[in-house]
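Participant: What follows is a structure written as structure tokens; I'll ask about it next.
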Amino acid sequence: MAPGANFRGSFTALVTPFKNGALDEAAFRGLVSWQIEQGSHGLVPVGTTGESPTLSHDEHNRVVEMCVEEARGRIPVIAGAGSNSTREAIDLARHAEKAGADAVLVVTPYYNKPTQEGMYHHFKAVNDAIGIPIIIYNIPPRSVVDMSVETMTRLFELKNIIGVKDATANLGRVSQQRHAMGADFIQLSGEDMTALAYMAAGGHGCISVVANVAPKLCADLMCAVLKGDYATGLQIQDRLVPLHDAIFREPGLAGAKHGLKLLGRVEEEVRLPLMPVTPPTGQVIRDAMVHAGLLN
């Protein structure tokens with residue numbers, strides 16, 4: 001089996017539930033189990049949606065451990081292990097491997113604006129430090145750097161680097177990356193709204209925020225399009241579009257936590273500098289969940 005063979009479909013970028021300022025371990029474990037029951041194809045703990053910027057290292061590592069323990073090998077776990085410090089990214093990646101994660105998601109270093117060569121050496125250092133697959137997370141709106149197709153192609157030659165979570169919102173990149181690296185380079189959409197179109201251009205799946213709230217619909221959409229049934233995919237997309245809009249009206253993880261609260265699954269608590277969604281946005285999320293058939 002090729003290294004990326006099981007990284008296909010709907011991967012949920014899990015929120016990290018809190019209660020009174022601390023990790024809500026029971027709610028997190030419940031969320032993981034529910035995601036698996038609902039048909040999600042994989043889980044991505046402690047990405048940006050998991051509030052990794054405001055977790056301590058101990059909390060970050062604990063969330064990865066809980067996710068792996070609760071998943072019990074039923075579906076792959078791609079642990080967030082990104083940092084704008086290469087040493088820190090290595091530490092997080094090594095811990096994820098030790099904890100039993102199937103792969104790590106490593107973001108392009110944000111804030112310090114490395115060159116393409118700097119990014120290459122950052123990812124090569126993580127590659128050389130671990131023995132599990134690495135997915136590059138390319139998200140220029142957050143990291144202020146855009147990894148070029150050329151740099152990605154160089155990195156794909158390394159033993160552990162198997163693909164990308166692409167949040168460029170540029171659908172042309174899917175085709176360019178496919179042309180440069182072939183169909184075996186795993187391409188996961190990092191944007192819910194355009195994931196359907198992303199798949200048509202050669203994508204393998206989506207790392208989804210909305211799947212926190214609508215795991216079955218997101219998984220069903222991916223199952224349909226992976227079989228080439230775009231008519232069914234479009235029907236599901238029509239149900240999800242208002243929810244894609246609503247959840248991202250304010251920071252997506254706050255929107256996802258609000259939706260999960262409406263479903264009775266987690267508290268809405270977030271950590272500063274983020275805030276819970278405002279009441280008008282909360283109403284829009286509720287209406288979108290009704291439209292999707294998630295609430296009466």
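Identifiers for the structure tokens are assigned positionally: chains receive A, B, ... in sequence, residues are indexed from 1 per chain, and ligands are indexed from 1 in the order shown.
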Which residues, written as a PyMOL selection string, have at least one atom at most 9 Å from segment 61-77 of chain A, with only C-alpha atoms counted and residues fewer than 2 positions away on the same chain left out?
Facilitator: chain A and resi 6-7+11+16+23+25+28-30+32-33+36+40-46+56-59+79-80+92+95-96+99-104
Participant: Please save C-alpha atoms of the selected residues as a PDB file, in the first residue's frame.
Facilitator:
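Saved as result-v3.pdb:
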ATOM      1  CA  ASN A   6      -5.595   5.800   3.440  1.00  0.00           C
ATOM      2  CA  PHE A   7      -5.517   9.611   3.414  1.00  0.00           C
ATOM      3  CA  PHE A  11     -10.885  14.547   7.651  1.00  0.00           C
ATOM      4  CA  THR A  16     -10.586  21.270  21.322  1.00  0.00           C
ATOM      5  CA  LEU A  23      -9.327  20.726  28.480  1.00  0.00           C
ATOM      6  CA  GLU A  25     -11.370  15.446  28.091  1.00  0.00           C
ATOM      7  CA  PHE A  28     -13.221  15.549  23.386  1.00  0.00           C
ATOM      8  CA  ARG A  29     -13.327  11.756  23.606  1.00  0.00           C
ATOM      9  CA  GLY A  30     -17.055  11.833  22.946  1.00  0.00           C
ATOM     10  CA  VAL A  32     -13.895  11.638  18.496  1.00  0.00           C
ATOM     11  CA  SER A  33     -16.190   8.621  18.919  1.00  0.00           C
ATOM     12  CA  ILE A  36     -16.075   7.931  13.728  1.00  0.00           C
ATOM     13  CA  SER A  40     -15.547  10.632   9.055  1.00  0.00           C
ATOM     14  CA  HIS A  41     -12.556   9.162   7.233  1.00  0.00           C
ATOM     15  CA  GLY A  42      -9.885  10.707   9.462  1.00  0.00           C
ATOM     16  CA  LEU A  43      -9.237  13.141  12.298  1.00  0.00           C
ATOM     17  CA  VAL A  44      -6.913  16.126  12.577  1.00  0.00           C
ATOM     18  CA  PRO A  45      -6.420  17.210  16.218  1.00  0.00           C
ATOM     19  CA  VAL A  46      -4.601  20.384  17.325  1.00  0.00           C
ATOM     20  CA  SER A  56       0.335  24.753  26.223  1.00  0.00           C
ATOM     21  CA  HIS A  57       2.721  22.091  24.903  1.00  0.00           C
ATOM     22  CA  ASP A  58       1.452  19.673  27.545  1.00  0.00           C
ATOM     23  CA  GLU A  59      -2.153  20.302  26.484  1.00  0.00           C
ATOM     24  CA  ALA A  79      -1.757  15.304  14.316  1.00  0.00           C
ATOM     25  CA  GLY A  80      -1.091  19.013  14.054  1.00  0.00           C
ATOM     26  CA  LEU A  92       5.683  18.177  18.378  1.00  0.00           C
ATOM     27  CA  HIS A  95       5.686  13.348  20.226  1.00  0.00           C
ATOM     28  CA  ALA A  96       2.893  12.697  17.704  1.00  0.00           C
ATOM     29  CA  ALA A  99       1.791   8.770  20.645  1.00  0.00           C
ATOM     30  CA  GLY A 100       0.803   6.663  17.642  1.00  0.00           C
ATOM     31  CA  ALA A 101      -0.444   9.274  15.160  1.00  0.00           C
ATOM     32  CA  ASP A 102      -0.589   8.059  11.558  1.00  0.00           C
ATOM     33  CA  ALA A 103       0.817  11.298  10.133  1.00  0.00           C
ATOM     34  CA  VAL A 104       1.542  14.913  11.041  1.00  0.00           C
TER      35      VAL A 104
END
Participant: Hey, what does DSSP flag as helix (DSSP H, G or I) within segment 40-172 of chain A? Can you give it to me as an MDAnalysis selection string?
Facilitator: chainID A and resid 52:54 57:71 86:99 116:129 140:143 149:156 172
Participant: Please provide the set of residues having any atom within 6 Å of Ser189 of chain A, restricted to only C-alpha atoms, with same-chain residues fewer than 6 positions apart removed, written as a count of residues only.
Facilitator: 4
Participant: If you count only C-alpha atoms, which residues fall within 12 Å of Thr86 of chain A, apart from same-chain ones fewer than 6 positions away, as a ChimeraX atom specification?
Facilitator: /A:92-93,106-110,112,114,118-129
Participant: For those residues, write C-alpha atoms to a file as a CSV table (one decimal), in the first residue's frame.
Facilitator:
chain,number,residue,atom,x,y,z
A,92,LEU,CA,5.7,18.2,18.4
A,93,ALA,CA,6.2,15.8,15.4
A,106,VAL,CA,3.0,20.8,9.5
A,107,VAL,CA,2.2,24.4,8.6
A,108,THR,CA,4.5,26.7,6.6
A,109,PRO,CA,6.2,28.8,9.3
A,110,TYR,CA,4.1,31.9,10.0
A,112,ASN,CA,8.8,35.1,10.5
A,114,PRO,CA,11.0,32.4,5.5
A,118,GLY,CA,14.0,28.4,4.4
A,119,MET,CA,10.7,26.5,4.1
A,120,TYR,CA,12.5,23.6,2.3
A,121,HIS,CA,15.0,23.2,5.1
A,122,HIS,CA,12.3,23.6,7.8
A,123,PHE,CA,10.3,20.7,6.4
A,124,LYS,CA,13.4,18.7,5.6
A,125,ALA,CA,14.4,18.9,9.3
A,126,VAL,CA,11.0,17.6,10.4
A,127,ASN,CA,11.2,14.9,7.7
A,128,ASP,CA,14.6,13.8,9.0
A,129,ALA,CA,13.5,13.7,12.6
Participant: Counting only C-alpha atoms, what is within 9 Å of Ser10 of chain A, bar same-chain residues fewer than 4 positions away, as a PDB file with N, CA, C and O atoms, in the first residue's frame?
Facilitator:
ATOM      1  N   GLY A  39     -19.045   8.490  10.267  1.00  0.00           N
ATOM      2  CA  GLY A  39     -18.446   8.144   8.988  1.00  0.00           C
ATOM      3  C   GLY A  39     -17.267   8.985   8.550  1.00  0.00           C
ATOM      4  O   GLY A  39     -16.802   8.848   7.404  1.00  0.00           O
ATOM      5  N   SER A  40     -16.744   9.866   9.430  1.00  0.00           N
ATOM      6  CA  SER A  40     -15.547  10.632   9.055  1.00  0.00           C
ATOM      7  C   SER A  40     -14.424   9.663   8.701  1.00  0.00           C
ATOM      8  O   SER A  40     -14.276   8.606   9.307  1.00  0.00           O
ATOM      9  N   HIS A  41     -13.603  10.057   7.715  1.00  0.00           N
ATOM     10  CA  HIS A  41     -12.556   9.162   7.233  1.00  0.00           C
ATOM     11  C   HIS A  41     -11.227   9.361   7.958  1.00  0.00           C
ATOM     12  O   HIS A  41     -10.309   8.548   7.798  1.00  0.00           O
ATOM     13  N   GLY A  42     -11.103  10.438   8.718  1.00  0.00           N
ATOM     14  CA  GLY A  42      -9.885  10.707   9.462  1.00  0.00           C
ATOM     15  C   GLY A  42     -10.082  11.897  10.376  1.00  0.00           C
ATOM     16  O   GLY A  42     -11.079  12.634  10.267  1.00  0.00           O
ATOM     17  N   LEU A  43      -9.143  12.079  11.298  1.00  0.00           N
ATOM     18  CA  LEU A  43      -9.237  13.141  12.298  1.00  0.00           C
ATOM     19  C   LEU A  43      -7.937  13.933  12.349  1.00  0.00           C
ATOM     20  O   LEU A  43      -6.846  13.359  12.254  1.00  0.00           O
ATOM     21  N   GLY A 205      -9.310  14.635  -0.936  1.00  0.00           N
ATOM     22  CA  GLY A 205     -10.163  14.772   0.231  1.00  0.00           C
ATOM     23  C   GLY A 205     -10.142  16.191   0.756  1.00  0.00           C
ATOM     24  O   GLY A 205      -9.625  17.108   0.102  1.00  0.00           O
ATOM     25  N   CYS A 206     -10.713  16.355   1.950  1.00  0.00           N
ATOM     26  CA  CYS A 206     -10.804  17.679   2.569  1.00  0.00           C
ATOM     27  C   CYS A 206     -10.518  17.572   4.057  1.00  0.00           C
ATOM     28  O   CYS A 206     -11.007  16.655   4.723  1.00  0.00           O
ATOM     29  N   ILE A 207      -9.696  18.490   4.566  1.00  0.00           N
ATOM     30  CA  ILE A 207      -9.562  18.653   6.017  1.00  0.00           C
ATOM     31  C   ILE A 207     -10.532  19.762   6.385  1.00  0.00           C
ATOM     32  O   ILE A 207     -10.333  20.929   6.047  1.00  0.00           O
ATOM     33  N   SER A 208     -11.625  19.370   7.024  1.00  0.00           N
ATOM     34  CA  SER A 208     -12.826  20.192   7.103  1.00  0.00           C
ATOM     35  C   SER A 208     -13.126  20.694   8.513  1.00  0.00           C
ATOM     36  O   SER A 208     -13.098  19.931   9.475  1.00  0.00           O
ATOM     37  N   ALA A 211     -17.049  19.757   9.131  1.00  0.00           N
ATOM     38  CA  ALA A 211     -17.274  18.356   9.507  1.00  0.00           C
ATOM     39  C   ALA A 211     -17.367  18.151  11.016  1.00  0.00           C
ATOM     40  O   ALA A 211     -17.873  17.122  11.468  1.00  0.00           O
ATOM     41  N   PRO A 215     -20.573  15.889  10.290  1.00  0.00           N
ATOM     42  CA  PRO A 215     -19.617  14.861   9.840  1.00  0.00           C
ATOM     43  C   PRO A 215     -20.173  13.918   8.785  1.00  0.00           C
ATOM     44  O   PRO A 215     -19.487  13.579   7.818  1.00  0.00           O
ATOM     45  N   CYS A 218     -20.514  15.708   5.319  1.00  0.00           N
ATOM     46  CA  CYS A 218     -19.193  15.945   4.713  1.00  0.00           C
ATOM     47  C   CYS A 218     -18.575  14.643   4.222  1.00  0.00           C
ATOM     48  O   CYS A 218     -17.984  14.592   3.141  1.00  0.00           O
ATOM     49  N   ALA A 219     -18.734  13.567   5.003  1.00  0.00           N
ATOM     50  CA  ALA A 219     -18.198  12.262   4.595  1.00  0.00           C
ATOM     51  C   ALA A 219     -18.955  11.715   3.392  1.00  0.00           C
ATOM     52  O   ALA A 219     -18.348  11.169   2.461  1.00  0.00           O
ATOM     53  N   ASP A 220     -20.283  11.865   3.398  1.00  0.00           N
ATOM     54  CA  ASP A 220     -21.091  11.375   2.272  1.00  0.00           C
ATOM     55  C   ASP A 220     -20.727  12.102   0.979  1.00  0.00           C
ATOM     56  O   ASP A 220     -20.668  11.491  -0.093  1.00  0.00           O
ATOM     57  N   LEU A 221     -20.485  13.411   1.073  1.00  0.00           N
ATOM     58  CA  LEU A 221     -20.088  14.181  -0.109  1.00  0.00           C
ATOM     59  C   LEU A 221     -18.778  13.626  -0.668  1.00  0.00           C
ATOM     60  O   LEU A 221     -18.643  13.387  -1.875  1.00  0.00           O
ATOM     61  N   MET A 222     -17.802  13.415   0.211  1.00  0.00           N
ATOM     62  CA  MET A 222     -16.511  12.900  -0.240  1.00  0.00           C
ATOM     63  C   MET A 222     -16.638  11.479  -0.807  1.00  0.00           C
ATOM     64  O   MET A 222     -16.014  11.166  -1.831  1.00  0.00           O
ATOM     65  N   CYS A 223     -17.439  10.641  -0.170  1.00  0.00           N
ATOM     66  CA  CYS A 223     -17.643   9.280  -0.693  1.00  0.00           C
ATOM     67  C   CYS A 223     -18.220   9.330  -2.100  1.00  0.00           C
ATOM     68  O   CYS A 223     -17.785   8.588  -2.995  1.00  0.00           O
TER      69      CYS A 223
END
Participant: If you run DSSP over the backbone, which residues in segment 21-269 of chain A end up strand (DSSP E)? Put them as a count of residues only.
Facilitator: 32
Participant: Out of A:Gly259, A:Lys113, A:Val241, A:Phe156, which residue has the shortest atom-to-atom distance to Leu196 of chain A when counting only C-alpha atoms?
Facilitator: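 Among the listed residues, A:Val241 lies closest to Leu196 of chain A.
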Participant: Pick out the residues sitting within 6 Å of Ile161 of chain A, and hand them over as a list of chain:residue names; count only C-alpha atoms, and ignore anything fewer than 3 positions along from it in its own chain.
Facilitator: A:Pro133, A:Ile134, A:Phe156, A:Leu158
Participant: May I ask which of the residues A:Phe185, A:Ser143, A:Asp24, A:Gln177 is the closest one to Ile162 of chain A, counting only C-alpha atoms?
Facilitator: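 Between A:Phe185, A:Ser143, A:Asp24, A:Gln177, the residue approaching Ile162 of chain A most closely is A:Phe185.
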Participant: Rounded to one decimal in Å, what is the spacing between atom CA of Glu88 of chain A and atom CA of Ser52 of chain A?
Facilitator: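 Between these atoms lies a distance of 12.8 Å.
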